[in-house]
$ cat work_25.txt   # compact mmCIF, C-alpha atoms
# COMPACT_ATOMS: atom_id res chain seq x y z
CA MET L 1 -18.12 -2.10 5.82
CA THR L 2 -16.94 -1.57 2.25
CA ARG L 3 -17.85 1.77 0.72
CA GLY L 4 -17.55 3.02 -2.81
CA ARG L 5 -19.27 2.12 -6.01
CA ILE L 6 -22.90 1.00 -5.86
CA SER L 7 -23.05 -2.64 -6.93
CA LEU L 8 -25.75 -4.57 -8.73
CA GLY L 9 -26.50 -6.38 -5.47
CA ASP L 10 -27.14 -3.05 -3.73
CA TRP L 11 -29.52 -2.02 -6.50
CA GLY L 12 -31.23 -5.41 -6.32
CA ILE L 13 -31.93 -5.07 -2.60
CA ALA L 14 -33.06 -1.46 -2.99
CA ILE L 15 -35.45 -2.26 -5.85
CA GLY L 16 -36.80 -5.29 -3.97
CA VAL L 17 -37.54 -3.25 -0.83
CA ALA L 18 -39.05 -0.43 -2.90
CA ALA L 19 -41.30 -2.87 -4.77
CA THR L 20 -42.40 -4.48 -1.50
CA LEU L 21 -43.32 -1.11 0.01
CA VAL L 22 -45.22 -0.01 -3.08
CA VAL L 23 -47.16 -3.29 -3.18
CA ALA L 24 -47.98 -2.89 0.52
CA GLY L 25 -49.23 0.63 -0.23
CA LEU L 26 -51.40 -0.61 -3.10
CA SER L 27 -53.02 -3.19 -0.84
CA ARG L 28 -54.58 -0.51 1.41
CA ASP L 29 -58.36 -0.57 1.77
CA LEU L 30 -58.68 3.22 1.96
CA PRO L 31 -60.08 5.24 -0.95
CA ALA L 32 -57.62 7.03 -3.24
CA THR L 33 -56.77 10.66 -2.56
CA ALA L 34 -54.90 13.40 -4.42
CA LEU L 35 -51.83 12.77 -2.27
CA ASP L 36 -51.57 9.08 -3.17
CA PRO L 37 -48.98 9.61 -5.96
CA LEU L 38 -46.75 11.41 -3.45
CA GLY L 39 -47.21 8.55 -0.99
CA TYR L 40 -46.16 5.97 -3.59
CA ALA L 41 -43.18 8.14 -4.51
CA LEU L 42 -42.11 8.27 -0.86
CA LEU L 43 -42.52 4.50 -0.54
CA ALA L 44 -40.41 3.88 -3.64
CA GLY L 45 -37.89 6.60 -2.77
CA GLY L 46 -37.25 5.22 0.70
CA GLY L 47 -36.57 1.79 -0.76
CA LEU L 48 -34.38 3.00 -3.63
CA ALA L 49 -32.30 5.13 -1.26
CA LEU L 50 -30.95 1.87 0.18
CA ALA L 51 -28.78 1.48 -2.92
CA ALA L 52 -26.40 4.04 -1.42
CA ARG L 53 -26.34 2.56 2.09
CA ARG L 54 -22.71 1.44 1.79
CA TRP L 55 -21.54 4.77 0.39
CA ALA L 56 -23.46 7.14 2.69
CA PRO L 57 -25.17 5.18 5.49
CA VAL L 58 -26.06 8.20 7.64
CA VAL L 59 -27.63 10.06 4.72
CA VAL L 60 -29.61 6.96 3.78
CA LEU L 61 -30.74 6.65 7.40
CA ALA L 62 -32.07 10.21 7.31
CA VAL L 63 -33.71 9.83 3.88
CA THR L 64 -35.48 6.58 4.72
CA GLY L 65 -36.69 8.02 8.04
CA LEU L 66 -38.10 11.16 6.39
CA CYS L 67 -39.76 9.09 3.65
CA ALA L 68 -41.34 6.85 6.30
CA LEU L 69 -42.69 9.81 8.24
CA GLY L 70 -43.91 11.37 5.00
CA TYR L 71 -46.00 8.44 3.80
CA GLN L 72 -47.38 7.93 7.32
CA VAL L 73 -48.61 11.55 7.30
CA ILE L 74 -50.28 10.94 3.91
CA GLY L 75 -52.08 7.91 5.33
CA PHE L 76 -49.99 4.94 4.15
CA ASP L 77 -49.80 2.81 7.28
CA VAL L 78 -47.01 0.65 5.85
CA PRO L 79 -44.22 -0.76 8.05
CA VAL L 80 -41.00 1.25 7.80
CA VAL L 81 -38.98 -1.62 6.32
CA ALA L 82 -36.51 0.61 4.46
CA TYR L 83 -35.63 2.41 7.67
CA LEU L 84 -34.78 -0.90 9.36
CA PHE L 85 -32.39 -1.74 6.52
CA ALA L 86 -30.84 1.71 6.95
CA VAL L 87 -30.42 1.15 10.71
CA TYR L 88 -28.60 -2.12 9.99
CA ALA L 89 -26.32 -0.46 7.42
CA SER L 90 -25.55 2.53 9.62
CA VAL L 91 -24.62 0.42 12.65
CA ARG L 92 -22.54 -1.88 10.46
CA ALA L 93 -20.63 1.17 9.23
CA GLY L 94 -19.86 2.12 12.83
CA HIS L 95 -22.31 5.03 13.29
CA ARG L 96 -23.91 3.66 16.43
CA LEU L 97 -24.54 6.93 18.28
CA VAL L 98 -26.09 8.63 15.24
CA THR L 99 -28.28 5.58 14.66
CA VAL L 100 -29.49 5.48 18.27
CA VAL L 101 -30.31 9.20 18.27
CA GLY L 102 -32.06 8.94 14.91
CA SER L 103 -34.09 5.94 16.04
CA VAL L 104 -35.20 7.71 19.25
CA VAL L 105 -36.33 10.68 17.15
CA MET L 106 -38.09 8.30 14.77
CA LEU L 107 -39.95 6.55 17.60
CA ALA L 108 -41.06 9.90 18.98
CA ALA L 109 -42.08 11.37 15.60
CA LEU L 110 -44.02 8.38 14.26
CA PRO L 111 -47.09 8.81 16.56
CA LEU L 112 -47.24 12.50 15.62
CA ALA L 113 -47.08 11.63 11.92
CA ILE L 114 -49.87 9.09 12.33
CA LEU L 115 -51.98 11.62 14.26
CA ALA L 116 -51.62 14.01 11.30
CA ALA L 117 -52.82 11.33 8.85
CA PRO L 118 -56.37 11.55 7.42
CA HIS L 119 -57.44 8.40 9.32
CA GLY L 120 -58.62 10.41 12.30
CA TRP L 121 -56.71 8.31 14.82
CA GLN L 122 -56.98 9.14 18.50
CA LEU L 123 -53.80 9.57 20.57
CA GLY L 124 -53.88 6.04 22.00
CA GLU L 125 -54.62 4.55 18.60
CA ALA L 126 -51.75 6.55 17.07
CA PHE L 127 -49.29 5.09 19.58
CA THR L 128 -50.64 1.60 18.92
CA GLN L 129 -50.35 2.09 15.15
CA SER L 130 -46.79 3.43 15.51
CA ARG L 131 -45.83 0.19 17.27
CA ASN L 132 -47.35 -1.74 14.38
CA VAL L 133 -45.25 0.04 11.73
CA LEU L 134 -42.06 0.15 13.82
CA GLU L 135 -41.64 -2.31 16.66
CA ILE L 136 -38.81 -1.56 19.07
CA ALA L 137 -37.84 -5.23 18.79
CA TRP L 138 -37.35 -4.76 15.02
CA LEU L 139 -35.08 -1.81 15.68
CA ILE L 140 -33.01 -3.71 18.22
CA ALA L 141 -32.73 -6.72 15.89
CA ALA L 142 -31.61 -4.58 12.96
CA GLY L 143 -29.04 -2.74 15.07
CA ALA L 144 -27.80 -5.95 16.67
CA ALA L 145 -27.36 -7.59 13.27
CA GLY L 146 -25.37 -4.63 12.00
CA GLU L 147 -23.17 -4.54 15.11
CA ALA L 148 -22.57 -8.31 15.00
CA LEU L 149 -21.43 -8.17 11.39
CA ARG L 150 -19.27 -5.11 12.07
CA GLN L 151 -17.54 -6.89 14.94
CA ALA L 152 -17.04 -9.99 12.80
CA GLU L 153 -15.46 -7.93 10.01
CA ARG L 154 -13.25 -6.11 12.52
CA ARG L 155 -12.06 -9.40 14.01
CA ALA L 156 -11.37 -10.76 10.53
CA ASP L 157 -9.34 -7.64 9.65
CA GLU L 158 -7.38 -7.88 12.89
CA ALA L 159 -6.71 -11.58 12.30
CA GLU L 160 -5.47 -10.85 8.78
CA ARG L 161 -3.29 -8.00 10.02
CA THR L 162 -1.91 -10.22 12.78
CA ARG L 163 -1.07 -12.95 10.28
CA GLU L 164 0.73 -10.45 8.05
CA GLU L 165 2.65 -8.98 10.98
CA THR L 166 3.61 -12.45 12.20
CA ALA L 167 4.80 -13.48 8.76
CA ARG L 168 6.75 -10.24 8.36
CA ARG L 169 8.31 -10.62 11.81
CA ARG L 170 9.33 -14.20 11.08
CA ALA L 171 10.82 -13.13 7.75
CA ASP L 172 12.76 -10.34 9.49
CA GLU L 173 14.01 -12.73 12.15
CA GLU L 174 15.09 -15.26 9.54
CA ARG L 175 16.81 -12.56 7.49
CA LEU L 176 18.73 -11.29 10.51
CA HIS L 177 19.60 -14.87 11.48
CA ILE L 178 21.05 -15.45 8.02
CA ALA L 179 22.98 -12.19 8.27
CA ARG L 180 24.45 -13.21 11.64
CA GLU L 181 25.37 -16.66 10.32
CA LEU L 182 27.04 -15.19 7.25
CA HIS L 183 28.90 -12.67 9.39
CA ASP L 184 30.07 -15.26 11.91
CA SER L 185 31.03 -17.93 9.37
CA LEU L 186 32.50 -15.92 6.50
CA THR L 187 33.61 -12.47 7.58
CA HIS L 188 36.54 -13.64 9.67
CA GLN L 189 37.84 -16.11 7.09
CA ILE L 190 37.56 -13.66 4.21
CA SER L 191 39.25 -10.93 6.26
CA VAL L 192 42.14 -13.27 7.05
CA ILE L 193 42.58 -14.20 3.40
CA LYS L 194 42.45 -10.57 2.30
CA VAL L 195 44.85 -9.31 4.97
CA GLN L 196 47.34 -12.12 4.39
CA ALA L 197 47.30 -11.50 0.64
CA GLU L 198 47.72 -7.73 1.16
CA VAL L 199 50.67 -8.33 3.48
CA ALA L 200 52.29 -10.78 1.07
CA VAL L 201 51.96 -8.36 -1.84
CA HIS L 202 53.33 -5.52 0.27
CA LEU L 203 56.35 -7.54 1.46
CA ALA L 204 57.12 -8.79 -2.04
CA ARG L 205 57.11 -5.27 -3.44
CA LYS L 206 59.14 -3.97 -0.51
CA ARG L 207 61.85 -6.55 -1.24
CA GLY L 208 61.74 -5.60 -4.91
CA GLU L 209 60.49 -9.04 -5.94
CA GLN L 210 58.02 -9.67 -8.73
CA VAL L 211 54.55 -10.29 -7.29
CA PRO L 212 53.08 -13.55 -8.63
CA GLU L 213 49.87 -13.18 -10.62
CA SER L 214 48.22 -15.84 -8.48
CA LEU L 215 48.89 -13.76 -5.36
CA LEU L 216 47.43 -10.66 -6.97
CA ALA L 217 44.40 -12.69 -7.99
CA ILE L 218 43.96 -13.90 -4.40
CA ARG L 219 44.21 -10.32 -3.12
CA ASP L 220 41.67 -9.02 -5.65
CA ALA L 221 39.32 -11.95 -4.99
CA GLY L 222 39.51 -11.25 -1.26
CA ARG L 223 38.65 -7.60 -1.80
CA GLU L 224 35.74 -8.53 -4.06
CA ALA L 225 34.45 -11.17 -1.63
CA ALA L 226 34.62 -8.70 1.28
CA ARG L 227 32.78 -6.06 -0.74
CA GLU L 228 30.07 -8.49 -1.83
CA LEU L 229 29.66 -9.81 1.69
CA ARG L 230 29.28 -6.30 3.10
CA ALA L 231 26.64 -5.51 0.48
CA THR L 232 24.81 -8.77 1.20
CA LEU L 233 24.80 -8.20 4.95
CA GLU L 234 23.66 -4.61 4.47
CA ALA L 235 20.74 -5.78 2.33
CA LEU L 236 19.78 -8.52 4.78
CA ARG L 237 19.76 -6.07 7.68
CA ASP L 238 17.43 -3.59 5.98
CA ASP L 239 14.55 -3.31 8.48
CA ASP L 240 12.90 -0.78 10.78
CA LYS L 241 15.99 -0.49 12.98
CA HIS L 242 18.30 -0.43 9.96
CA PRO L 243 16.21 1.37 7.34
CA PRO L 244 17.12 0.67 3.71
CA HIS L 245 19.11 3.23 1.77
CA GLY L 246 17.22 5.42 -0.67
CA LEU L 247 17.66 8.37 -2.97
CA ALA L 248 18.53 10.65 -0.08
CA ASP L 249 21.73 8.62 0.37
CA VAL L 250 22.87 8.91 -3.27
CA PRO L 251 24.88 12.14 -2.62
CA ASN L 252 26.92 10.19 -0.05
CA LEU L 253 27.68 7.56 -2.69
CA VAL L 254 28.89 10.24 -5.10
CA GLN L 255 31.00 11.88 -2.40
CA ARG L 256 32.51 8.52 -1.49
CA ALA L 257 33.37 7.92 -5.15
CA ARG L 258 35.22 11.25 -5.24
CA THR L 259 37.48 10.11 -2.40
CA THR L 260 38.84 7.39 -4.71
CA GLY L 261 40.04 10.03 -7.20
CA LEU L 262 37.04 9.77 -9.54
CA ASP L 263 35.59 13.08 -10.69
CA ALA L 264 31.94 12.18 -9.97
CA THR L 265 29.01 14.58 -10.40
CA LEU L 266 25.34 14.33 -9.48
CA THR L 267 22.49 15.94 -11.40
CA ILE L 268 18.86 15.84 -10.24
CA GLU L 269 16.01 16.85 -12.52
CA GLY L 270 12.30 17.14 -11.85
CA HIS L 271 10.38 17.35 -8.60
CA ARG L 272 10.78 14.61 -6.05
CA ASP L 273 7.52 13.12 -4.82
CA ASP L 274 7.00 10.30 -2.36
CA LEU L 275 8.23 7.15 -4.06
CA PRO L 276 7.64 3.52 -3.09
CA ALA L 277 10.37 2.16 -0.84
CA ALA L 278 11.19 -0.56 -3.38
CA VAL L 279 11.87 2.05 -6.07
CA GLU L 280 14.10 4.14 -3.79
CA ARG L 281 16.03 1.08 -2.64
CA THR L 282 16.55 -0.15 -6.21
CA ALA L 283 17.67 3.28 -7.41
CA TYR L 284 20.24 3.46 -4.62
CA ARG L 285 21.59 -0.02 -5.43
CA ILE L 286 21.90 0.84 -9.13
CA VAL L 287 23.94 3.97 -8.41
CA GLN L 288 26.01 2.11 -5.81
CA GLU L 289 26.82 -0.81 -8.09
CA SER L 290 27.50 1.44 -11.09
CA LEU L 291 29.97 3.65 -9.21
CA THR L 292 31.67 0.60 -7.72
CA ASN L 293 32.10 -0.95 -11.17
CA ILE L 294 33.49 2.33 -12.53
CA SER L 295 36.06 2.54 -9.73
CA ARG L 296 37.13 -1.08 -10.10
CA HIS L 297 36.90 -1.85 -13.81
CA ALA L 298 36.38 1.23 -15.99
CA VAL L 299 39.76 3.00 -15.60
CA ALA L 300 37.69 6.19 -15.83
CA ALA L 301 38.55 9.73 -14.84
CA THR L 302 35.01 11.11 -14.68
CA ALA L 303 31.54 9.79 -13.94
CA SER L 304 28.14 11.42 -13.96
CA VAL L 305 25.02 10.37 -12.11
CA ARG L 306 21.70 11.75 -13.31
CA ILE L 307 18.38 11.22 -11.52
CA ASP L 308 15.29 12.30 -13.43
CA TYR L 309 11.95 12.44 -11.61
CA ARG L 310 9.18 12.00 -14.17
CA PRO L 311 5.39 11.84 -13.61
CA ASP L 312 5.21 8.09 -14.20
CA ALA L 313 8.79 6.91 -13.80
CA LEU L 314 12.14 7.44 -12.15
CA VAL L 315 15.11 7.37 -14.52
CA ILE L 316 18.64 6.78 -13.28
CA GLN L 317 21.62 7.14 -15.62
CA VAL L 318 25.28 6.65 -14.74
CA ASP L 319 27.94 7.41 -17.39
CA ASP L 320 31.71 7.19 -17.34
CA ASP L 321 34.57 7.94 -19.74
CA GLY L 322 36.37 4.66 -19.17
CA LYS L 323 38.00 2.24 -21.56
CA ALA L 324 34.80 0.51 -22.74
CA THR L 325 34.03 0.82 -26.47
CA THR L 326 31.17 -0.29 -28.69
CA ASP L 327 33.39 -3.13 -29.94
CA THR L 328 33.67 -4.64 -26.47
CA ALA L 329 30.64 -6.48 -25.17
CA PRO L 330 29.99 -6.00 -21.44
CA VAL L 331 30.66 -9.02 -19.26
CA PRO L 332 27.45 -9.83 -17.33
CA GLY L 333 28.91 -10.00 -13.85
CA VAL L 334 27.06 -10.56 -10.61
CA GLY L 335 26.55 -6.84 -10.04
CA LEU L 336 25.03 -6.24 -13.47
CA LEU L 337 22.79 -9.30 -13.18
CA GLY L 338 21.63 -8.13 -9.75
CA MET L 339 20.75 -4.69 -11.12
CA ARG L 340 18.79 -6.24 -13.98
CA GLU L 341 16.87 -8.53 -11.62
CA ARG L 342 15.94 -5.64 -9.32
CA VAL L 343 14.74 -3.47 -12.20
CA THR L 344 12.81 -6.30 -13.86
CA ALA L 345 11.09 -7.15 -10.55
CA LEU L 346 9.64 -3.62 -10.53
CA GLY L 347 8.49 -3.85 -14.14
CA GLY L 348 11.20 -1.47 -15.38
CA HIS L 349 13.89 -1.51 -18.05
CA LEU L 350 17.68 -1.54 -17.73
CA ARG L 351 20.21 -0.70 -20.43
CA ALA L 352 23.87 -1.30 -19.71
CA ALA L 353 26.19 -0.90 -22.68
CA PRO L 354 29.29 0.94 -23.98
CA ARG L 355 28.73 4.49 -25.22
CA GLY L 356 29.44 5.59 -28.76
CA GLU L 357 31.84 8.29 -27.58
CA GLY L 358 33.62 5.87 -25.27
CA GLY L 359 32.97 4.73 -21.77
CA PHE L 360 30.02 2.88 -20.34
CA THR L 361 26.42 3.84 -19.50
CA VAL L 362 23.86 2.32 -17.19
CA GLN L 363 20.30 3.58 -17.59
CA ALA L 364 17.37 2.27 -15.55
CA GLU L 365 13.74 3.32 -15.89
CA LEU L 366 11.61 2.41 -12.88
CA PRO L 367 7.85 2.84 -13.25
CA VAL L 368 6.23 4.59 -10.32
CA ALA L 369 2.50 4.26 -11.04
CA ARG L 370 2.63 0.49 -11.56
CA THR L 371 4.82 -0.27 -8.61
$ encode --input "work_25.txt" --output "structure tokens"
Amino acid sequence: MTRGRISLGDWGIAIGVAATLVVAGLSRDLPATALDPLGYALLAGGGLALAARRWAPVVVLAVTGLCALGYQVIGFDVPVVAYLFAVYASVRAGHRLVTVVGSVVMLAALPLAILAAPHGWQLGEAFTQSRNVLEIAWLIAAGAAGEALRQAERRADEAERTREETARRRADEERLHIARELHDSLTHQISVIKVQAEVAVHLARKRGEQVPESLLAIRDAGREAARELRATLEALRDDDKHPPHGLADVPNLVQRARTTGLDATLTIEGHRDDLPAAVERTAYRIVQESLTNISRHAVAATASVRIDYRPDALVIQVDDDGKATTDTAPVPGVGLLGMRERVTALGGHLRAAPRGEGGFTVQAELPVART
């Protein structure tokens, strides 16, 4: 049962029940007494309390029960309609035990309240009158209706959750199937091309021969294809058994970059809170791709990675001191396009451009609140 803000429909039902109870109280044939205003207030209050039945069903159950006992004591022999609504709401919210205990107390207290009324009822008449204002069959029907709807909502939630889990499982299976197919069909062939090209280049240099540009291009293309394939397979295999990389893995990237001879540093600012998995995964890919591009293309000696945790965003900036200048426009390669697509999908902004003092900068701002 949905809880939260009181809707117009809730107020409509509460006002309707309150009006019905007040009209039933006005139709009594007994003479007016000094306590009549209190009786009407209890009738109206019990009905209006139903407006909060979704937000606090147990409290509403108690309030409507006390109001019903109160106006019975004053002499308003009006059926306890509001209490039946409260029983339905409480059972629907899952408070079955509390509702049963409260209803047993209500059934026991009603005859006593009627005995205390100014009607002068005898004990037998009080029990008869209590059955008139609250039939056990009404109670059972109200509770059964609440339980039936609760079970229906639970089954609907389970069915929705099952559909989502099935769809997610099928997507995972298809992703892993694609990864296996790519691995089986491409990895071997690309490895052969790369190894053969590496061997040919090595032998040519060993013999002191000039290495053809076409052979160097084949070697570099093989390296690039192997790197891209590894990255693709790694992304496809991100699942529960192979969890995706996140910000905790960024220091490993920086350390790996240092092994290539690049003087890479990592700076972290701000306090790290729990971030959405998509933001962490995108941040990792941005740092990974940026450091790879620096190692392969920038001819840089140093690189700096800065991660800034802000209240509403995560900012990643990777700078290098390579050969890029403001006069040279960056070539939008596959890696840069992939970074831009990832950042845009999260509603963020990416800036990749040469720096004024030389070198290249990649800065990504990933919103956290909107993700």
$ residues_around --input "work_25.txt" --residues "stretch 362-364 of chain L" --least-positions-apart "6" --cutoff "9 Å" --atoms "only C-alpha atoms" --output "ChimeraX atom specification"
/L:283,286-287,290,314-319,339-340,343,348-354
$ closest_residue --input "work_25.txt" --among "L:Arg296, L:Lys323, L:Arg180, L:Arg96" --to "L:Asp220" --atoms "all atoms listed in the file"
L:Arg296
$ closest_residue --input "work_25.txt" --among "L:Tyr71, L:Asp10, L:Asp263, L:Tyr83" --to "L:Trp138" --atoms "only C-alpha atoms"
L:Tyr83
$ atom_distance --input "work_25.txt" --atom1 "atom CA of L:Val133" --atom2 "atom CA of L:Leu107"
10.2 Å
$ closest_residue --input "work_25.txt" --among "L:Val78, L:Ile294, L:Ile190, L:Leu216" --to "L:Leu110" --atoms "all atoms listed in the file"
L:Val78
$ closest_residue --input "work_25.txt" --among "L:Ser191, L:Lys206, L:Ala171, L:Thr259" --to "L:Arg227" --atoms "only C-alpha atoms"
L:Ser191
$ residues_around --input "work_25.txt" --residues "L:Pro37" --least-positions-apart "5" --cutoff "12 Å" --atoms "only C-alpha atoms" --output "list in words"
Val22, Gly25, Leu26, Ala32, Leu42, Leu43, Ala44, Gly45, Tyr71, Ile74, Gly75 and Phe76 of chain L
$ decode --input "work_25.txt" --residues "stretch 69-107 of chain L" --atoms "C-alpha atoms" --output "compact mmCIF listing (two decimals), in the first residue's frame"
# COMPACT_ATOMS: atom_id res chain seq x y z
CA LEU L 69 -16.47 4.53 21.44
CA GLY L 70 -16.71 8.20 22.38
CA TYR L 71 -19.86 9.01 20.42
CA GLN L 72 -21.46 5.74 21.58
CA VAL L 73 -20.89 6.82 25.20
CA ILE L 74 -22.51 10.19 24.44
CA GLY L 75 -25.56 8.42 23.01
CA PHE L 76 -25.02 8.51 19.24
CA ASP L 77 -25.95 4.98 18.21
CA VAL L 78 -24.40 5.38 14.76
CA PRO L 79 -22.66 2.48 12.98
CA VAL L 80 -18.87 2.66 13.25
CA VAL L 81 -18.33 3.07 9.50
CA ALA L 82 -15.04 4.97 9.82
CA TYR L 83 -13.57 2.17 11.90
CA LEU L 84 -14.40 -0.36 9.18
CA PHE L 85 -12.54 1.76 6.63
CA ALA L 86 -9.61 1.90 9.04
CA VAL L 87 -9.64 -1.89 9.44
CA TYR L 88 -9.49 -2.27 5.66
CA ALA L 89 -6.60 0.20 5.38
CA SER L 90 -4.64 -1.33 8.24
CA VAL L 91 -4.91 -4.89 6.89
CA ARG L 92 -4.01 -3.67 3.40
CA ALA L 93 -0.88 -2.09 4.85
CA GLY L 94 0.09 -5.45 6.35
CA HIS L 95 -0.77 -4.79 10.03
CA ARG L 96 -2.94 -7.86 10.44
CA LEU L 97 -2.08 -8.77 14.03
CA VAL L 98 -2.56 -5.20 15.29
CA THR L 99 -5.87 -4.99 13.45
CA VAL L 100 -7.15 -8.27 14.91
CA VAL L 101 -6.17 -7.27 18.46
CA GLY L 102 -7.70 -3.82 18.02
CA SER L 103 -10.93 -5.28 16.64
CA VAL L 104 -11.23 -7.75 19.55
CA VAL L 105 -10.79 -4.85 21.99
CA MET L 106 -13.35 -2.84 20.02
CA LEU L 107 -15.92 -5.66 20.12
